[in-house]
Amino acid sequence: MKKDFIFCEVNKLKGVGPQLSKYLKKKKIEKIKDIILNLPYSETDRSKIFKLNNLEIGKIQTIKVQVKKLNFPRIRNLPNKIVCEDETGKINIVYFNSREGYLRKLFTLNEWVIISGKINYFKKNYQITNPDYVTILKNQDYVTKNIPKYSLTEGLNEKKYRSISEEVINNIPKIKDWLDDFYINKNNLNNWNKSIQELHKSVNLQKIQSKSFRRLVFDELLANFLTLSENRKRVKRKKLSKRINYEYEKKIIKDLPFILTESQKKVLTEINSDLESNYRMFRLIQGDVGSGKTIVSLLSILNVIKSGYQSVFMCPTEILAKQHFELSKQILKKMNLKIEFLTGKTESKKRKEILNNLSNGKIDLLVGTHALFQKKIFFKKLGLAIIDEQHKFGVKQRSELAKKGGDNCDVILMSATPIPRTMMMSLYGDMDVSKITEKPLERKKIITLSKPEKKIHELWPFIKRQINEGNQIFWVCPLIENSKFLDYSSAKKKFELIDNKFKNKVGLIHGSLEKNEKEIVLKRFLEKKISILVSTTVIEVGIDFPNANLIVIENANKFGLAQLHQLRGRVGRGVKQGTCILLFKDSLSKNAIKRIQILKQSDDGFFIAEEDLKLRGYGDLIGFQQSGIKNFRFADPVKHEDLFKLAENYAKNLKNDVEYEKYNFLLKLFDKAEIINAN
Ligand code: ADP
Ligand code: MG
């Protein structure tokens, strides 16, 4: 087999026709290399031959028997039956939907055969229905062994798949390894060829810390990091440097009702130095909820505008956009800037005017929704695009984003989703990252309490007092409607209950409302027309509700820690003390209790994310589903933490101009070559 053969479609294999290709495709096996990467998940021990008086119903066993009778009934729907014997008993081998000719070839009267399959018992007889293997004694060795088990679908049986897979695995050409022997040995890996052979031979070796499996994980990560660093090179193109006059920034900072934290100052310096550099900025600002990202972004916008460019500020929702719009007008009012607001709802006359003024350069700052950047909008001289709450952007959208905006446009993404250290590189390796690690000093820590659900009545007087004092309350439920299957609270039911207690003071918001409907409810809440907002987790994190200081979260154990942390971050943003009450069902697992403790003890989103990762694994962290981290097939950030670091260092230590030739095979193996070769 030639090396490139590995990257051919599976139908190039002997015995794989169009029908089988279709079935394989269902299992995401399209190219021959996909067979290589499709590891067995378990194995079946077929090695021992059992006597017929020694069978166990329900087990997969192997027997050696003599064919005594072949029975092909002419009546439709009756199965074909072959009666077999050994010296200790009798068994029926039963076939549904099989041809007589085929079976006659398989079973010759009075011949001895090896049969392997699941033992059943039917009408006082042992029976195997559609056995996995039937073979003559001469080929016994093919069957009597530990046989790897692959996950299969309809139309694909083990025997067939095994023959294809073995054919491929046994004929993989020797690949020139991209890692050298010294590196392989030092880091407890195997070479590539050996790893693949071993991983298909026996499932035990697949154990996540085996040298062979580690090698596969390393490769997957390396392919990923190489792709990101290539993306990085592409987005960090040359641009004209911006000349910043720091007098303006100073003046605004002086007028703020607070002093910037050291973290905010540091991040601002990083941004400014990117603005002044000759390379385009592509930077992520990460900061926990309430850490004060907005003001940092507004100051950057100011610097860009004063250096002669326009800026655009994009938000996930209209309401958040509006908030940022108002804030920017207020903070920058002395600067004599033209600031406009544009969303999908802007009426067409106004819209035309805005678009016109953008292209002739009269508007300095445009604030609007994310949807804006997909539309055709022309700026005269766009110098900075800021995207708030960006956690929904994956690698691909980012590289598209970086292409927009024109040659001199710097890009800042902002996110409140805390990402554990292990995963920073996998998620943001193509970006520079600034972190706001402190919170404003006077910010009070949110009091976090937990309560069993059955004591919910104790809350009502407390809530009543809050309302009387003019405070506002979030009430979060995991479900929209009651479910037959899940014993969780639903927002609709809870709304009825609470609405009954506090007439005309309660609103309801959830994911199946239209976007407008949602915004109407949120607005009523913001304008204090209602006091309690019952919701699912739909509320966007970025919005400032300075008056909300209590959040109640039902079935709190259903949420990830990071998510609970984000939820509680919605309260206590103003001067008042914030409180978060977590409601639980009675019985909590040890793990659940530990999780609440972490939440009570810390209000550091990054710490919480790390702990959550350790406790629950990475599948549950918010924002990850969309982020692409889930695309790892083999790597697990908890179990392979060291390999994440190793692969990251490996990628970083490569020379600026990586010879992708050397890694071409690797990149193709993990479907990255197309990404790298595009453009
Ligand atoms: P986030 O990082 O979640 O977007 P915001 O930028 O919305 O946070 O800031 C949250 C609140 O904190 C705002 O009301 C803002 O005015 C305030 N704030 C920002 N920086 C500081 C600071 N250095 N000191 C005190 N309050 C601050
Ligand atoms: Mg924000």
# chains A, B, ... in the order shown; residues from 1 in each chain; ligands from 1
$ select_by_dssp --residues "region 9-194 of chain A" --states "strand (DSSP E or B)" --output "PyMOL selection string"
chain A and resi 9+31+42-45+49-50+60-71+80-86+89-95+112-122+125-129+133-136+146-149
$ select_by_dssp --residues "region 93-269 of chain A" --states "helix (DSSP H, G or I)" --output "PyMOL selection string"
chain A and resi 100-106+137-143+158-170+181-186+192-201+203-206+211-235+246-255+262-269
$ closest_atom_pairs --of "chain A" --to "ligand 1" --cutoff "9 Å" --atoms "only C-alpha atoms and all ligand atoms" --output "CSV"
residue,atom,partner,partner_atom_place_in_ligand_line,distance
A:Leu256,CA,ligand 1,22 (C),8.8
A:Pro257,CA,ligand 1,25 (C),7.7
A:Phe258,CA,ligand 1,24 (N),4.8
A:Ile259,CA,ligand 1,23 (N),5.0
A:Leu260,CA,ligand 1,23 (N),3.7
A:Thr261,CA,ligand 1,23 (N),4.7
A:Glu262,CA,ligand 1,23 (N),8.4
A:Ser263,CA,ligand 1,23 (N),8.9
A:Gln264,CA,ligand 1,23 (N),7.2
A:Gln286,CA,ligand 1,2 (O),8.3
A:Gly287,CA,ligand 1,2 (O),5.7
A:Asp288,CA,ligand 1,2 (O),6.1
A:Val289,CA,ligand 1,3 (O),3.6
A:Gly290,CA,ligand 1,3 (O),3.5
A:Ser291,CA,ligand 1,2 (O),4.1
A:Gly292,CA,ligand 1,6 (O),3.3
A:Lys293,CA,ligand 1,2 (O),3.8
A:Thr294,CA,ligand 1,6 (O),3.7
A:Ile295,CA,ligand 1,6 (O),5.7
A:Val296,CA,ligand 1,6 (O),7.7
A:Ser297,CA,ligand 1,6 (O),8.6
A:His324,CA,ligand 1,7 (O),8.8
A:Leu327,CA,ligand 1,16 (O),8.9
A:Asp388,CA,ligand 1,4 (O),8.1
A:Glu389,CA,ligand 1,4 (O),8.2
A:Met414,CA,ligand 1,4 (O),8.2
A:Ser415,CA,ligand 1,2 (O),8.1
A:Ala416,CA,ligand 1,3 (O),6.5
A:Ile436,CA,ligand 1,2 (O),8.3
A:Lys439,CA,ligand 1,22 (C),7.4
A:Pro440,CA,ligand 1,24 (N),4.2
A:Leu441,CA,ligand 1,24 (N),6.4
A:Glu442,CA,ligand 1,25 (C),6.6
A:Arg443,CA,ligand 1,25 (C),7.1
A:Val541,CA,ligand 1,3 (O),7.5
A:Gly542,CA,ligand 1,4 (O),5.6
A:Ile543,CA,ligand 1,7 (O),7.0
A:Asp544,CA,ligand 1,7 (O),6.0
A:Phe545,CA,ligand 1,14 (O),8.8
A:Pro546,CA,ligand 1,14 (O),7.2
A:Gly569,CA,ligand 1,3 (O),8.1
A:Arg570,CA,ligand 1,3 (O),8.8
A:Arg573,CA,ligand 1,11 (C),5.8
A:Gly574,CA,ligand 1,14 (O),6.5
$ closest_residue --among "A:Tyr309, A:Phe670, A:Phe122, A:Tyr428" --to "Leu228 (chain A)" --atoms "only C-alpha atoms"
A:Tyr428
$ residues_around --residues "Tyr23 (chain A)" --least-positions-apart "2" --cutoff "9 Å" --atoms "only C-alpha atoms" --output "PyMOL selection string"
chain A and resi 18-21+25-27+29+153-156
$ decode --residues "region 468-481 of chain A" --atoms "N, CA and C atoms" --output "PDB file, in the first residue's frame"
ATOM      1  N   ASN A 468     -40.398  45.246  48.358  1.00  0.00           N
ATOM      2  CA  ASN A 468     -40.781  46.491  49.029  1.00  0.00           C
ATOM      3  C   ASN A 468     -39.640  47.493  49.078  1.00  0.00           C
ATOM      4  N   GLU A 469     -38.427  46.977  49.137  1.00  0.00           N
ATOM      5  CA  GLU A 469     -37.275  47.883  49.165  1.00  0.00           C
ATOM      6  C   GLU A 469     -36.878  48.343  47.765  1.00  0.00           C
ATOM      7  N   GLY A 470     -37.637  47.895  46.782  1.00  0.00           N
ATOM      8  CA  GLY A 470     -37.355  48.345  45.413  1.00  0.00           C
ATOM      9  C   GLY A 470     -36.291  47.524  44.707  1.00  0.00           C
ATOM     10  N   ASN A 471     -35.986  46.352  45.238  1.00  0.00           N
ATOM     11  CA  ASN A 471     -34.988  45.499  44.592  1.00  0.00           C
ATOM     12  C   ASN A 471     -35.640  44.584  43.559  1.00  0.00           C
ATOM     13  N   GLN A 472     -34.822  44.020  42.710  1.00  0.00           N
ATOM     14  CA  GLN A 472     -35.348  43.126  41.680  1.00  0.00           C
ATOM     15  C   GLN A 472     -34.717  41.746  41.774  1.00  0.00           C
ATOM     16  N   ILE A 473     -35.460  40.784  41.246  1.00  0.00           N
ATOM     17  CA  ILE A 473     -35.100  39.387  41.474  1.00  0.00           C
ATOM     18  C   ILE A 473     -35.129  38.584  40.168  1.00  0.00           C
ATOM     19  N   PHE A 474     -34.091  37.799  39.963  1.00  0.00           N
ATOM     20  CA  PHE A 474     -34.122  36.796  38.891  1.00  0.00           C
ATOM     21  C   PHE A 474     -34.506  35.449  39.480  1.00  0.00           C
ATOM     22  N   TRP A 475     -35.325  34.708  38.758  1.00  0.00           N
ATOM     23  CA  TRP A 475     -35.695  33.368  39.215  1.00  0.00           C
ATOM     24  C   TRP A 475     -35.453  32.415  38.047  1.00  0.00           C
ATOM     25  N   VAL A 476     -34.455  31.547  38.179  1.00  0.00           N
ATOM     26  CA  VAL A 476     -34.031  30.738  37.040  1.00  0.00           C
ATOM     27  C   VAL A 476     -34.441  29.271  37.193  1.00  0.00           C
ATOM     28  N   CYS A 477     -35.065  28.718  36.169  1.00  0.00           N
ATOM     29  CA  CYS A 477     -35.438  27.297  36.142  1.00  0.00           C
ATOM     30  C   CYS A 477     -34.766  26.615  34.956  1.00  0.00           C
ATOM     31  N   PRO A 478     -34.454  25.342  35.100  1.00  0.00           N
ATOM     32  CA  PRO A 478     -33.775  24.662  33.993  1.00  0.00           C
ATOM     33  C   PRO A 478     -34.663  24.396  32.771  1.00  0.00           C
ATOM     34  N   LEU A 479     -35.969  24.245  32.985  1.00  0.00           N
ATOM     35  CA  LEU A 479     -36.822  23.893  31.844  1.00  0.00           C
ATOM     36  C   LEU A 479     -37.804  25.012  31.516  1.00  0.00           C
ATOM     37  N   ILE A 480     -38.312  24.984  30.291  1.00  0.00           N
ATOM     38  CA  ILE A 480     -39.362  25.929  29.916  1.00  0.00           C
ATOM     39  C   ILE A 480     -40.707  25.414  30.416  1.00  0.00           C
ATOM     40  N   GLU A 481     -40.997  24.158  30.033  1.00  0.00           N
ATOM     41  CA  GLU A 481     -42.267  23.564  30.442  1.00  0.00           C
ATOM     42  C   GLU A 481     -42.016  22.306  31.248  1.00  0.00           C
TER      43      GLU A 481
END
